[in-house]
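Below is start26.cif, holding mmCIF, C-alpha atoms and all ligand atoms.
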data_input
loop_
_atom_site.label_atom_id
_atom_site.label_comp_id
_atom_site.auth_asym_id
_atom_site.auth_seq_id
_atom_site.Cartn_x
_atom_site.Cartn_y
_atom_site.Cartn_z
CA MET A 626 -10.88 -22.47 19.37
CA MET A 627 -7.47 -20.91 18.89
CA ASP A 628 -7.69 -18.91 22.11
CA VAL A 629 -4.12 -19.66 23.16
CA TYR A 630 -2.97 -17.57 20.20
CA LYS A 631 -5.34 -14.65 20.85
CA ASN A 632 -3.45 -11.54 19.77
CA PRO A 633 -4.06 -8.67 17.31
CA THR A 634 -1.28 -9.84 14.97
CA PHE A 635 -2.62 -13.40 15.00
CA ASP A 636 -6.12 -12.06 14.25
CA MET A 637 -4.61 -10.18 11.33
CA ALA A 638 -2.92 -13.29 9.88
CA CYS A 639 -6.21 -15.23 10.27
CA GLU A 640 -8.21 -12.46 8.62
CA GLN A 641 -5.85 -12.50 5.63
CA PHE A 642 -6.05 -16.29 5.48
CA ASP A 643 -9.87 -16.28 5.53
CA LEU A 644 -9.98 -13.85 2.59
CA VAL A 645 -7.60 -16.05 0.61
CA ALA A 646 -9.45 -19.23 1.51
CA ASP A 647 -12.65 -17.66 0.15
CA LEU A 648 -10.86 -16.58 -3.02
CA LEU A 649 -9.38 -20.06 -3.55
CA GLN A 650 -12.71 -21.60 -2.58
CA LEU A 651 -10.90 -23.93 -0.22
CA PRO A 652 -13.33 -26.55 1.07
CA GLN A 653 -14.37 -25.86 4.68
CA SER A 654 -12.94 -29.25 5.63
CA GLU A 655 -9.45 -28.12 4.59
CA ARG A 656 -9.44 -24.58 5.95
CA GLU A 657 -8.84 -25.29 9.59
CA ARG A 658 -6.16 -27.81 8.73
CA VAL A 659 -4.20 -25.34 6.59
CA LYS A 660 -4.67 -22.40 8.94
CA ARG A 661 -4.07 -23.73 12.43
CA PRO A 662 -0.45 -23.91 13.65
CA LYS A 663 0.67 -27.53 13.86
CA ARG A 664 2.58 -27.36 17.13
CA SER A 665 3.81 -24.83 19.64
CA LEU A 666 6.23 -24.96 22.54
CA VAL A 667 6.29 -22.54 25.47
CA VAL A 668 9.28 -22.65 27.79
CA SER A 669 10.39 -20.76 30.85
CA ILE A 670 14.00 -19.66 30.78
CA PRO A 671 15.70 -19.00 34.11
CA VAL A 672 18.72 -16.74 33.65
CA ARG A 673 21.30 -15.68 36.23
CA MET A 674 21.60 -11.92 35.81
CA ASP A 675 24.85 -10.01 36.36
CA ASP A 676 23.63 -8.81 39.77
CA GLY A 677 23.28 -12.41 40.97
CA GLN A 678 19.46 -12.51 40.81
CA VAL A 679 17.63 -15.12 38.74
CA LYS A 680 15.11 -13.80 36.26
CA VAL A 681 12.68 -16.07 34.41
CA PHE A 682 11.86 -15.23 30.79
CA SER A 683 9.20 -16.75 28.53
CA GLY A 684 10.28 -18.35 25.26
CA TYR A 685 8.18 -19.62 22.36
CA ARG A 686 8.50 -21.61 19.15
CA VAL A 687 5.60 -22.24 16.78
CA GLN A 688 5.79 -24.63 13.81
CA HIS A 689 2.96 -23.84 11.46
CA HIS A 690 2.90 -26.81 9.08
CA LEU A 691 5.02 -29.90 8.47
CA SER A 692 3.76 -30.95 5.06
CA LEU A 693 6.65 -29.88 2.81
CA GLY A 694 9.77 -30.43 4.89
CA PRO A 695 11.27 -29.07 8.10
CA THR A 696 10.01 -25.76 9.42
CA LYS A 697 11.94 -22.52 9.04
CA GLY A 698 11.85 -19.06 10.52
CA GLY A 699 13.47 -16.51 12.76
CA MET A 700 13.87 -16.06 16.50
CA ARG A 701 12.75 -12.68 17.85
CA PHE A 702 14.03 -11.09 21.06
CA HIS A 703 11.65 -8.23 21.88
CA PRO A 704 9.57 -7.17 24.91
CA ASP A 705 6.27 -7.64 23.01
CA VAL A 706 6.88 -11.24 21.92
CA THR A 707 3.90 -13.49 22.72
CA LEU A 708 2.73 -16.91 21.59
CA GLY A 709 0.09 -15.31 19.35
CA GLU A 710 2.55 -12.97 17.69
CA VAL A 711 5.01 -15.73 16.83
CA ALA A 712 2.13 -17.92 15.62
CA ALA A 713 1.12 -15.19 13.15
CA LEU A 714 4.73 -14.75 12.04
CA ALA A 715 5.02 -18.55 11.61
CA MET A 716 1.92 -18.56 9.38
CA TRP A 717 3.43 -15.83 7.22
CA MET A 718 6.67 -17.83 6.98
CA SER A 719 4.62 -20.74 5.58
CA TRP A 720 3.14 -18.64 2.79
CA LYS A 721 6.51 -16.95 2.16
CA CYS A 722 8.39 -20.26 1.79
CA ALA A 723 5.64 -21.69 -0.42
CA LEU A 724 5.54 -18.57 -2.61
CA THR A 725 9.29 -18.81 -3.25
CA GLY A 726 9.20 -22.60 -3.68
CA LEU A 727 11.30 -23.53 -0.64
CA PRO A 728 10.85 -27.04 0.82
CA TYR A 729 9.83 -25.76 4.25
CA GLY A 730 6.87 -25.09 6.47
CA GLY A 731 6.85 -21.83 8.41
CA ALA A 732 8.03 -21.37 11.99
CA LYS A 733 8.85 -18.50 14.29
CA GLY A 734 9.98 -18.16 17.84
CA GLY A 735 11.29 -15.74 20.35
CA VAL A 736 11.82 -14.59 23.87
CA ALA A 737 9.94 -11.77 25.59
CA CYS A 738 12.89 -9.64 26.68
CA ASP A 739 14.54 -6.34 25.88
CA PRO A 740 17.98 -7.21 24.48
CA ARG A 741 19.00 -3.55 24.70
CA THR A 742 18.95 -3.74 28.49
CA LEU A 743 20.84 -7.05 28.76
CA SER A 744 24.62 -7.36 29.03
CA ALA A 745 26.48 -9.57 26.54
CA GLY A 746 26.85 -12.22 29.23
CA GLU A 747 23.14 -12.15 30.13
CA LEU A 748 22.21 -12.36 26.46
CA GLU A 749 24.48 -15.35 25.94
CA ARG A 750 23.12 -17.19 29.01
CA LEU A 751 19.53 -16.41 27.90
CA THR A 752 20.16 -17.64 24.36
CA ARG A 753 21.91 -20.81 25.47
CA ARG A 754 19.28 -21.74 28.07
CA PHE A 755 16.47 -21.02 25.59
CA THR A 756 18.18 -23.24 23.01
CA GLN A 757 18.66 -25.99 25.61
CA GLU A 758 14.95 -25.87 26.48
CA ILE A 759 13.86 -26.29 22.84
CA ILE A 760 16.49 -28.85 21.72
CA PRO A 761 13.95 -31.68 21.20
CA PHE A 762 11.90 -29.32 19.02
CA ILE A 763 14.62 -28.14 16.57
CA GLY A 764 17.19 -29.75 14.24
CA PRO A 765 18.37 -29.62 10.63
CA GLN A 766 15.54 -31.96 9.57
CA ILE A 767 12.98 -30.66 12.09
CA ASP A 768 13.01 -26.89 12.48
CA ILE A 769 15.78 -24.42 11.60
CA PRO A 770 15.88 -21.05 13.42
CA ALA A 771 17.39 -17.85 11.99
CA PRO A 772 17.80 -14.23 13.06
CA ASP A 773 14.83 -11.86 13.35
CA VAL A 774 14.19 -8.63 15.27
CA GLY A 775 16.66 -8.36 18.18
CA THR A 776 18.84 -11.33 17.19
CA ASN A 777 21.87 -11.60 14.92
CA GLU A 778 24.80 -13.77 13.81
CA GLN A 779 26.14 -13.97 17.36
CA THR A 780 22.79 -15.29 18.64
CA MET A 781 22.86 -17.97 15.93
CA ALA A 782 26.46 -18.91 16.80
CA TRP A 783 25.44 -19.48 20.45
CA MET A 784 22.40 -21.52 19.39
CA MET A 785 24.49 -23.64 17.03
CA ASP A 786 27.13 -24.18 19.73
CA THR A 787 24.58 -25.14 22.40
CA TYR A 788 22.83 -27.59 20.07
CA SER A 789 26.14 -29.05 18.84
CA ASN A 790 27.36 -29.59 22.39
CA ASP A 791 24.21 -31.55 23.15
CA ILE A 792 24.50 -33.70 20.00
CA GLY A 793 28.25 -34.25 20.41
CA HIS A 794 29.50 -32.87 17.12
CA SER A 795 29.16 -29.67 15.08
CA VAL A 796 25.75 -29.29 13.49
CA PRO A 797 25.92 -26.09 11.41
CA GLY A 798 22.63 -26.91 9.61
CA VAL A 799 20.56 -26.42 12.79
CA VAL A 800 20.41 -22.63 12.32
CA THR A 801 20.96 -20.17 9.48
CA GLY A 802 22.22 -16.62 9.56
CA LYS A 803 25.39 -17.83 11.32
CA PRO A 804 28.78 -16.15 10.96
CA VAL A 805 30.32 -17.23 7.62
CA ASN A 806 33.24 -18.74 9.53
CA LEU A 807 30.91 -21.25 11.23
CA GLY A 808 29.15 -22.43 8.09
CA GLY A 809 27.09 -19.33 7.37
CA SER A 810 26.47 -18.29 3.78
CA LEU A 811 28.10 -15.41 1.99
CA GLY A 812 25.40 -12.85 1.28
CA ARG A 813 23.00 -14.00 4.02
CA ARG A 814 23.41 -10.90 6.18
CA GLU A 815 22.60 -8.61 3.24
CA ALA A 816 20.03 -10.90 1.59
CA THR A 817 16.78 -9.48 2.96
CA GLY A 818 17.71 -5.82 2.35
CA ARG A 819 19.16 -6.48 -1.09
CA GLY A 820 16.09 -8.49 -1.97
CA VAL A 821 13.90 -5.55 -0.94
CA ALA A 822 15.92 -3.21 -3.19
CA PHE A 823 15.75 -5.70 -6.08
CA LEU A 824 11.95 -5.94 -5.81
CA VAL A 825 11.65 -2.16 -5.49
CA SER A 826 13.51 -1.84 -8.79
CA ARG A 827 11.15 -4.39 -10.40
CA ALA A 828 8.19 -2.35 -9.11
CA MET A 829 9.77 0.82 -10.49
CA ASP A 830 10.05 -0.85 -13.93
CA VAL A 831 6.34 -1.63 -13.80
CA MET A 832 5.45 1.87 -12.65
CA GLY A 833 7.83 3.60 -15.06
CA ILE A 834 9.69 5.32 -12.20
CA GLU A 835 13.35 6.21 -12.70
CA ALA A 836 15.66 5.43 -9.78
CA SER A 837 17.73 8.58 -10.26
CA LYS A 838 14.64 10.75 -9.91
CA SER A 839 13.06 8.98 -6.98
CA THR A 840 13.06 9.23 -3.20
CA ALA A 841 12.63 6.73 -0.38
CA VAL A 842 11.78 6.70 3.32
CA VAL A 843 12.77 3.74 5.50
CA GLN A 844 11.20 3.01 8.90
CA GLY A 845 13.51 0.76 10.93
CA PHE A 846 17.28 0.69 10.65
CA GLY A 847 18.07 -2.85 11.74
CA ASN A 848 19.77 -5.33 9.46
CA VAL A 849 16.96 -5.20 6.90
CA GLY A 850 16.19 -1.46 6.79
CA CYS A 851 19.86 -0.48 6.80
CA VAL A 852 20.88 -2.74 3.90
CA ALA A 853 17.69 -1.90 1.95
CA ALA A 854 18.46 1.83 2.29
CA GLN A 855 22.10 1.36 1.28
CA SER A 856 21.16 -0.80 -1.72
CA MET A 857 18.49 1.65 -2.88
CA ALA A 858 21.01 4.50 -2.53
CA LYS A 859 23.42 2.53 -4.75
CA GLN A 860 20.67 2.39 -7.39
CA GLY A 861 20.57 6.20 -7.30
CA ILE A 862 17.47 6.55 -5.12
CA LYS A 863 17.60 9.49 -2.72
CA ILE A 864 17.00 8.41 0.91
CA LEU A 865 15.02 11.18 2.63
CA ALA A 866 14.57 9.67 6.07
CA VAL A 867 15.44 6.62 8.15
CA SER A 868 14.50 5.72 11.71
CA ASP A 869 15.05 3.36 14.62
CA VAL A 870 12.98 2.70 17.77
CA ASP A 871 13.85 6.14 19.14
CA GLY A 872 12.63 8.03 16.05
CA GLY A 873 13.96 9.17 12.73
CA ILE A 874 16.33 11.54 10.97
CA PHE A 875 15.12 13.53 7.95
CA ASN A 876 16.79 15.56 5.23
CA PRO A 877 14.55 16.66 2.33
CA ASN A 878 17.67 16.86 0.13
CA GLY A 879 18.66 13.28 0.86
CA ILE A 880 20.89 11.53 3.40
CA ASP A 881 24.42 10.49 2.36
CA MET A 882 24.31 6.78 3.19
CA THR A 883 28.10 6.31 3.15
CA ALA A 884 28.58 9.15 5.64
CA LEU A 885 25.72 7.78 7.77
CA ASP A 886 27.51 4.44 7.85
CA GLN A 887 30.60 6.15 9.27
CA HIS A 888 28.44 8.04 11.80
CA MET A 889 26.91 4.71 12.89
CA ILE A 890 30.37 3.23 13.45
CA THR A 891 31.47 6.09 15.70
CA HIS A 892 28.18 6.91 17.45
CA ARG A 893 26.39 3.50 17.33
CA SER A 894 23.23 5.39 16.40
CA ILE A 895 21.67 7.23 13.47
CA HIS A 896 20.74 10.15 15.72
CA GLY A 897 22.61 13.42 15.58
CA PHE A 898 23.71 12.85 11.98
CA PRO A 899 24.72 16.27 10.59
CA GLY A 900 22.30 17.97 8.22
CA THR A 901 19.23 16.07 9.42
CA THR A 902 16.30 17.03 11.62
CA SER A 903 14.53 14.70 14.04
CA ILE A 904 11.14 13.25 13.17
CA ASN A 905 9.00 10.77 15.06
CA ASN A 906 8.15 7.37 13.63
CA ALA A 907 4.48 8.21 13.02
CA ASP A 908 5.27 11.39 11.04
CA LEU A 909 8.05 9.65 9.14
CA LEU A 910 5.50 7.35 7.48
CA LEU A 911 3.66 10.39 6.12
CA ILE A 912 6.64 12.02 4.36
CA PRO A 913 5.89 12.41 0.62
CA CYS A 914 8.21 10.01 -1.25
CA ASP A 915 8.22 7.52 -4.13
CA ILE A 916 9.12 4.49 -2.06
CA LEU A 917 7.99 3.90 1.52
CA VAL A 918 9.71 0.99 3.27
CA PRO A 919 8.32 -0.09 6.65
CA ALA A 920 11.19 -2.28 7.91
CA ALA A 921 10.40 -2.44 11.61
CA LEU A 922 7.52 -4.20 13.32
CA GLU A 923 3.99 -5.27 12.39
CA ARG A 924 0.87 -3.06 12.32
CA GLN A 925 2.48 0.30 11.50
CA ILE A 926 0.21 1.27 8.60
CA THR A 927 -3.30 1.17 9.96
CA GLY A 928 -6.83 2.35 9.23
CA GLU A 929 -5.82 5.56 10.94
CA ASN A 930 -2.87 6.59 8.72
CA ALA A 931 -3.30 4.57 5.48
CA ALA A 932 -5.20 7.35 3.70
CA ARG A 933 -2.38 9.78 4.50
CA ILE A 934 0.73 7.92 3.36
CA GLN A 935 2.15 9.63 0.28
CA CYS A 936 4.16 7.09 -1.69
CA ARG A 937 3.90 5.30 -5.02
CA ILE A 938 5.55 2.06 -3.96
CA LEU A 939 4.90 0.52 -0.54
CA ALA A 940 7.65 -2.04 0.02
CA GLU A 941 6.87 -4.16 3.08
CA ALA A 942 10.29 -5.13 4.36
CA ALA A 943 8.85 -5.92 7.81
CA ASN A 944 6.46 -8.80 8.43
CA GLY A 945 2.84 -7.66 8.70
CA PRO A 946 3.41 -3.88 8.70
CA THR A 947 -0.03 -3.17 7.16
CA THR A 948 -3.29 -4.07 8.92
CA PRO A 949 -6.28 -5.48 7.02
CA ASP A 950 -8.28 -2.26 7.53
CA ALA A 951 -5.36 -0.30 6.08
CA ASP A 952 -5.37 -2.74 3.14
CA VAL A 953 -8.97 -1.78 2.38
CA ILE A 954 -7.90 1.87 2.12
CA ILE A 955 -4.75 1.16 0.12
CA ASN A 956 -6.74 -1.01 -2.30
CA GLN A 957 -8.79 2.09 -3.09
CA ARG A 958 -5.62 3.99 -3.95
CA PRO A 959 -4.52 2.54 -7.30
CA GLU A 960 -1.63 5.01 -7.45
CA ILE A 961 0.14 2.88 -4.80
CA PHE A 962 1.95 -0.29 -5.87
CA LEU A 963 2.22 -2.73 -2.95
CA ILE A 964 5.06 -5.23 -2.64
CA PRO A 965 3.56 -7.49 0.03
CA ASP A 966 5.71 -8.66 2.95
CA ILE A 967 5.82 -12.36 2.07
CA LEU A 968 7.37 -11.39 -1.27
CA CYS A 969 9.24 -8.21 -0.32
CA ASN A 970 11.30 -9.64 2.55
CA ALA A 971 11.63 -13.20 1.20
CA GLY A 972 15.31 -12.69 0.28
CA GLY A 973 16.33 -13.54 3.84
CA VAL A 974 14.76 -16.96 4.02
CA VAL A 975 15.76 -17.76 0.44
CA VAL A 976 19.45 -17.29 1.31
CA SER A 977 18.82 -19.12 4.60
CA TYR A 978 17.70 -22.03 2.44
CA PHE A 979 20.95 -21.74 0.45
CA GLU A 980 22.89 -21.70 3.72
CA TRP A 981 21.13 -24.86 4.91
CA VAL A 982 21.78 -26.62 1.60
CA GLN A 983 25.47 -25.62 1.75
CA ASP A 984 25.73 -26.87 5.35
CA LEU A 985 24.10 -30.21 4.52
CA GLN A 986 26.49 -30.70 1.59
CA SER A 987 29.53 -29.12 3.31
CA PHE A 988 30.10 -27.41 -0.02
CA PHE A 989 30.12 -23.63 -0.11
CA TRP A 990 29.25 -21.18 -2.86
CA SER A 991 30.67 -17.82 -3.91
CA GLU A 992 28.76 -14.65 -3.08
CA ALA A 993 28.08 -14.12 -6.80
CA GLU A 994 26.51 -17.58 -7.02
CA VAL A 995 24.33 -16.88 -3.98
CA MET A 996 23.15 -13.51 -5.25
CA ASP A 997 22.49 -14.79 -8.76
CA LYS A 998 20.36 -17.66 -7.46
CA LEU A 999 18.56 -15.29 -5.04
CA TYR A 1000 17.59 -12.81 -7.74
CA ARG A 1001 16.34 -15.61 -10.01
CA ILE A 1002 14.01 -16.87 -7.31
CA LEU A 1003 12.78 -13.37 -6.43
CA GLU A 1004 12.26 -12.56 -10.10
CA THR A 1005 10.12 -15.68 -10.56
CA ALA A 1006 8.09 -14.97 -7.42
CA PHE A 1007 7.61 -11.34 -8.45
CA SER A 1008 6.48 -12.11 -11.97
CA GLN A 1009 4.18 -14.94 -10.87
CA THR A 1010 2.57 -12.64 -8.31
CA PHE A 1011 2.35 -9.68 -10.68
CA ASN A 1012 0.90 -11.76 -13.54
CA MET A 1013 -1.64 -13.38 -11.29
CA ALA A 1014 -2.69 -10.01 -9.85
CA LYS A 1015 -3.12 -8.66 -13.36
CA GLN A 1016 -4.92 -11.63 -14.87
CA GLN A 1017 -7.29 -12.20 -11.97
CA LYS A 1018 -7.65 -8.54 -11.00
CA LEU A 1019 -6.33 -9.13 -7.50
CA THR A 1020 -4.22 -6.98 -5.22
CA MET A 1021 -0.55 -7.93 -5.03
CA ARG A 1022 -1.14 -9.11 -1.44
CA MET A 1023 -3.99 -11.41 -2.37
CA ALA A 1024 -2.07 -12.77 -5.36
CA ALA A 1025 1.05 -13.52 -3.28
CA LEU A 1026 -0.92 -15.03 -0.40
CA SER A 1027 -3.06 -17.16 -2.65
CA LEU A 1028 0.00 -18.57 -4.46
CA GLY A 1029 1.50 -19.45 -1.07
CA VAL A 1030 -1.64 -20.79 0.60
CA LYS A 1031 -2.60 -22.84 -2.46
CA ARG A 1032 0.76 -24.64 -2.52
CA VAL A 1033 0.39 -25.61 1.14
CA ALA A 1034 -3.25 -26.69 0.71
CA ASP A 1035 -2.33 -28.73 -2.40
CA ALA A 1036 0.52 -30.46 -0.54
CA LYS A 1037 -1.79 -31.44 2.31
CA ARG A 1038 -4.40 -32.76 -0.10
CA MET A 1039 -1.82 -34.78 -2.07
CA ARG A 1040 -0.29 -36.32 1.04
CA GLY A 1041 -3.74 -37.21 2.35
CA LEU A 1042 -4.92 -37.36 5.92
CA PHE A 1043 -3.21 -39.74 8.33
CA PRO A 1044 -4.45 -42.28 9.41
N1 LIG B 1 13.32 -13.79 10.18
C1 LIG B 1 13.39 -13.75 8.75
C2 LIG B 1 11.99 -13.68 8.16
O1 LIG B 1 11.08 -13.20 8.78
C3 LIG B 1 14.26 -14.85 8.17
C4 LIG B 1 13.82 -16.25 8.43
C5 LIG B 1 14.83 -17.29 8.00
O2 LIG B 1 15.82 -16.93 7.39
O3 LIG B 1 14.60 -18.47 8.29
O4 LIG B 1 11.76 -14.01 7.02
#
Please render this file's structure as C-alpha cells.
Amino acid sequence: MMDVYKNPTFDMACEQFDLVADLLQLPQSERERVKRPKRSLVVSIPVRMDDGQVKVFSGYRVQHHLSLGPTKGGMRFHPDVTLGEVAALAMWMSWKCALTGLPYGGAKGGVACDPRTLSAGELERLTRRFTQEIIPFIGPQIDIPAPDVGTNEQTMAWMMDTYSNDIGHSVPGVVTGKPVNLGGSLGRREATGRGVAFLVSRAMDVMGIEASKSTAVVQGFGNVGCVAAQSMAKQGIKILAVSDVDGGIFNPNGIDMTALDQHMITHRSIHGFPGTTSINNADLLLIPCDILVPAALERQITGENAARIQCRILAEAANGPTTPDADVIINQRPEIFLIPDILCNAGGVVVSYFEWVQDLQSFFWSEAEVMDKLYRILETAFSQTFNMAKQQKLTMRMAALSLGVKRVADAKRMRGLFP
C-alpha cells in the first residue's frame, strides 16, 4: 500500500507507530489516516557541474500531516537520501512538533548527493534549482524547511533568496535556521545541541548522577553533536570520545573541548587531535560511559550491538538512531535511561518555531529570551513524558510517541473528515 516509501527507516517509523496505535487503542479507521504521509513531491534537479557536464540529482519533500498548521522539518543533503527515508523523518517530525506543542505538521526533504564532493558553486546551483522545483510546495503558511544533515545556514540563505526572488520580495519566514542577519533567530544554531545537554541534565537529576563525576561519548560531530558535547563539557561532564563520518577520537582521561575547537578551526577536522587515539564508529558506541549520545544518522544502535552498549543515559540526538529490535533489548536493561529522539533533539525545531514567529512579526528577541522559552518548553515535554512513563509503566519512547501521536489523532478527529 505504501510501497513508494519502502525503506528500512520507513519500516521502523511504521513499526513504532503501530505499537503506539495499539497502546492508544486508536480505531482502525483512524490509523491509516494518521500514519500515512499526506503528500510527497519528487523532483529531478539538473545541475551544471564545474567541469561543464550536467548532472541530474533526485530531490524529495514529504509533508506528513496538515491538520495543525503548516508543515515543518529539515532538508538533508546526503548520498543515502530516498523518498522512504524522508517520509520516516517527516513522520517523526509530526510526533516531535506535537509533543512540544508546536502548531505544525511534520515534513522532511532532501537531495541524494554528497555535499563533501561538491564545490561551493555546485552546491549553490543545486540548492537553488532544488528550491525552484519545489516552490509551489513550500511557503511560510505551507511548509517551512530548515537545516538537517549536510545543510546549514548558507543552504537556508540560498533557499530563502531563491524563493524571495520568485515571489518578488523578501520572505524570511519561508525557511528557518537562516543566518541571523537575514531574519534568523539568535540561539537557533546552538538550539538542538543545547537542548540535548539540557535534557541530559534532567535525566541525570532523575538518575542521581552528578555531572562532575560523569563521562560522555558523542557519535557525530556536526552542528548537533558538536554543540551537545561543548554544552555537556560546560556542565562539567568529561567527554571521552567524539566522531565524524571518518571515525572517532578517544581519550579515556577526557578531551579538552576548547582545545578541540581550536584544532577544528585550523585543521577543519577532529582527527589528529593531540592526546587522542583513533577509534571506529562501531567501537565508539561500546565505550563504557555515563552518557551515550548518537548524534549522526538513523539505525546505529541495533539488535546486534544494543546488548553491548555500556551507558546509563542514552540521549538520542539523531533522528531514529535506535532500531525497534534494539529497543526490545534496551527495554530489558532498566539501568539505561532513554531520552527518545523526538524529545531529545526537539530543541532545534522549537527554536525554528521561534524564528518563524519572529519573522512573521518582524520583531526579534534576545538570545536570553529564546533560551528561556526553549528550556520551558523542553522542561514541560520532559516532565509530561517522564510522568506518563512512570504512571502508565511505559518506556520513555512509548510515552513520548503516544503523547505526540495522540495530539495528531485528536486534531484529525476534532476537525472531522472532509467532505
Ligand atoms: N532537522 C531538524 C530536526 O530534525 C530541525 C527541523 C526544523 O528546525 O524545522 O528536527
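We find CA of Ser683 (chain A) and CA of Gly775 (chain A) to be spaced 15.3 Å apart.
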Env. residues ligand LIG 1 (chain B) / 9 Å / all atoms listed in the file / as a ChimeraX atom specification: /A:696-701,714-715,717-718,721-722,731-733,769-774,800-802,813,817,943-944,967,970-978
Axis-aligned box for region 785-791 of chain A, 8 Å per side, centre and edges in Å as AutoDock Vina command-line options:
--center_x 25.1 --center_y -27.6 --center_z 20.1 --size_x 20.5 --size_y 23.9 --size_z 22.1
Pick from A:Ile955, A:Val849, A:Ile862, A:Leu811 nearest to Cys969 (chain A), counting all atoms listed in the file: A:Val849
Pairwise distance for CA of Val736 (chain A) and CA of Val706 (chain A), rounded to one decimal in Å: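 Answer for the CA of Val736 (chain A) to CA of Val706 (chain A) separation: 6.3 Å.
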Residue among A:Leu693, A:Gly726, A:Glu815, A:Asp950 lying closest to Ile767 (chain A), counting all atoms listed in the file: A:Leu693
Point (7.7, 5.2, -3.7) neighbourhood (12 Å, all atoms listed in the file) written as a PyMOL selection string: chain A and resi 822+825-826+828-829+832-836+838-843+857+862-865+910-919+934-941+960-964
Just the selected residues (C-alpha atoms), exported as a tab-separated table (two decimals), keeping the file's coordinate frame, please.
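Produced file part.tsv, reproduced below:
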chain	number	residue	atom	x	y	z
A	822	ALA	CA	15.92	-3.21	-3.19
A	825	VAL	CA	11.65	-2.16	-5.49
A	826	SER	CA	13.51	-1.84	-8.79
A	828	ALA	CA	8.19	-2.35	-9.11
A	829	MET	CA	9.77	0.82	-10.49
A	832	MET	CA	5.45	1.87	-12.65
A	833	GLY	CA	7.83	3.60	-15.06
A	834	ILE	CA	9.69	5.32	-12.20
A	835	GLU	CA	13.35	6.21	-12.70
A	836	ALA	CA	15.66	5.43	-9.78
A	838	LYS	CA	14.64	10.75	-9.91
A	839	SER	CA	13.06	8.98	-6.98
A	840	THR	CA	13.06	9.23	-3.20
A	841	ALA	CA	12.63	6.73	-0.38
A	842	VAL	CA	11.78	6.70	3.32
A	843	VAL	CA	12.77	3.74	5.50
A	857	MET	CA	18.49	1.65	-2.88
A	862	ILE	CA	17.47	6.55	-5.12
A	863	LYS	CA	17.60	9.49	-2.72
A	864	ILE	CA	17.00	8.41	0.91
A	865	LEU	CA	15.02	11.18	2.63
A	910	LEU	CA	5.50	7.35	7.48
A	911	LEU	CA	3.66	10.39	6.12
A	912	ILE	CA	6.64	12.02	4.36
A	913	PRO	CA	5.89	12.41	0.62
A	914	CYS	CA	8.21	10.01	-1.25
A	915	ASP	CA	8.22	7.52	-4.13
A	916	ILE	CA	9.12	4.49	-2.06
A	917	LEU	CA	7.99	3.90	1.52
A	918	VAL	CA	9.71	0.99	3.27
A	919	PRO	CA	8.32	-0.09	6.65
A	934	ILE	CA	0.73	7.92	3.36
A	935	GLN	CA	2.15	9.63	0.28
A	936	CYS	CA	4.16	7.09	-1.69
A	937	ARG	CA	3.90	5.30	-5.02
A	938	ILE	CA	5.55	2.06	-3.96
A	939	LEU	CA	4.90	0.52	-0.54
A	940	ALA	CA	7.65	-2.04	0.02
A	941	GLU	CA	6.87	-4.16	3.08
A	960	GLU	CA	-1.63	5.01	-7.45
A	961	ILE	CA	0.14	2.88	-4.80
A	962	PHE	CA	1.95	-0.29	-5.87
A	963	LEU	CA	2.22	-2.73	-2.95
A	964	ILE	CA	5.06	-5.23	-2.64
Could the residues of region 712-765 of chain A that have an atom at most 10 Å from region 639-652 of chain A be listed as CSV, each with its closest atom pair and the distance in Å to one decimal, counting only C-alpha atoms and ordered by chain and ascending residue number?
residue,atom,partner,partner_atom,distance
A:Ala713,CA,A:Cys639,CA,7.9
A:Met716,CA,A:Cys639,CA,8.8
A:Trp717,CA,A:Phe642,CA,9.6
A:Trp720,CA,A:Phe642,CA,9.9
Near-Phe846 (chain A) list (8 Å; only C-alpha atoms; drop same-chain fewer than 6 positions) as a PyMOL selection string: chain A and resi 867-869+920-921
Prev. selection, C-alpha atoms, output as a PDB file, keeping the file's coordinate frame:
ATOM      1  CA  VAL A 867      15.440   6.620   8.150  1.00  0.00           C
ATOM      2  CA  SER A 868      14.500   5.720  11.710  1.00  0.00           C
ATOM      3  CA  ASP A 869      15.050   3.360  14.620  1.00  0.00           C
ATOM      4  CA  ALA A 920      11.190  -2.280   7.910  1.00  0.00           C
ATOM      5  CA  ALA A 921      10.400  -2.440  11.610  1.00  0.00           C
TER       6      ALA A 921
END
Name the residues, using the chain letters and numbers of the file, that sit within 12 Å of (11.9, -31.0, 17.8) when counting all atoms listed in the file, and give them as a PDB file with C-alpha atoms, in the coordinates of the input.
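Writing done, so here's part_19.pdb:
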ATOM      1  CA  ARG A 664       2.580 -27.360  17.130  1.00  0.00           C
ATOM      2  CA  SER A 665       3.810 -24.830  19.640  1.00  0.00           C
ATOM      3  CA  LEU A 666       6.230 -24.960  22.540  1.00  0.00           C
ATOM      4  CA  ARG A 686       8.500 -21.610  19.150  1.00  0.00           C
ATOM      5  CA  VAL A 687       5.600 -22.240  16.780  1.00  0.00           C
ATOM      6  CA  GLN A 688       5.790 -24.630  13.810  1.00  0.00           C
ATOM      7  CA  LEU A 691       5.020 -29.900   8.470  1.00  0.00           C
ATOM      8  CA  PRO A 695      11.270 -29.070   8.100  1.00  0.00           C
ATOM      9  CA  THR A 696      10.010 -25.760   9.420  1.00  0.00           C
ATOM     10  CA  ALA A 732       8.030 -21.370  11.990  1.00  0.00           C
ATOM     11  CA  THR A 756      18.180 -23.240  23.010  1.00  0.00           C
ATOM     12  CA  GLN A 757      18.660 -25.990  25.610  1.00  0.00           C
ATOM     13  CA  GLU A 758      14.950 -25.870  26.480  1.00  0.00           C
ATOM     14  CA  ILE A 759      13.860 -26.290  22.840  1.00  0.00           C
ATOM     15  CA  ILE A 760      16.490 -28.850  21.720  1.00  0.00           C
ATOM     16  CA  PRO A 761      13.950 -31.680  21.200  1.00  0.00           C
ATOM     17  CA  PHE A 762      11.900 -29.320  19.020  1.00  0.00           C
ATOM     18  CA  ILE A 763      14.620 -28.140  16.570  1.00  0.00           C
ATOM     19  CA  GLY A 764      17.190 -29.750  14.240  1.00  0.00           C
ATOM     20  CA  PRO A 765      18.370 -29.620  10.630  1.00  0.00           C
ATOM     21  CA  GLN A 766      15.540 -31.960   9.570  1.00  0.00           C
ATOM     22  CA  ILE A 767      12.980 -30.660  12.090  1.00  0.00           C
ATOM     23  CA  ASP A 768      13.010 -26.890  12.480  1.00  0.00           C
ATOM     24  CA  ILE A 769      15.780 -24.420  11.600  1.00  0.00           C
ATOM     25  CA  PRO A 770      15.880 -21.050  13.420  1.00  0.00           C
ATOM     26  CA  TYR A 788      22.830 -27.590  20.070  1.00  0.00           C
ATOM     27  CA  VAL A 799      20.560 -26.420  12.790  1.00  0.00           C
TER      28      VAL A 799
END
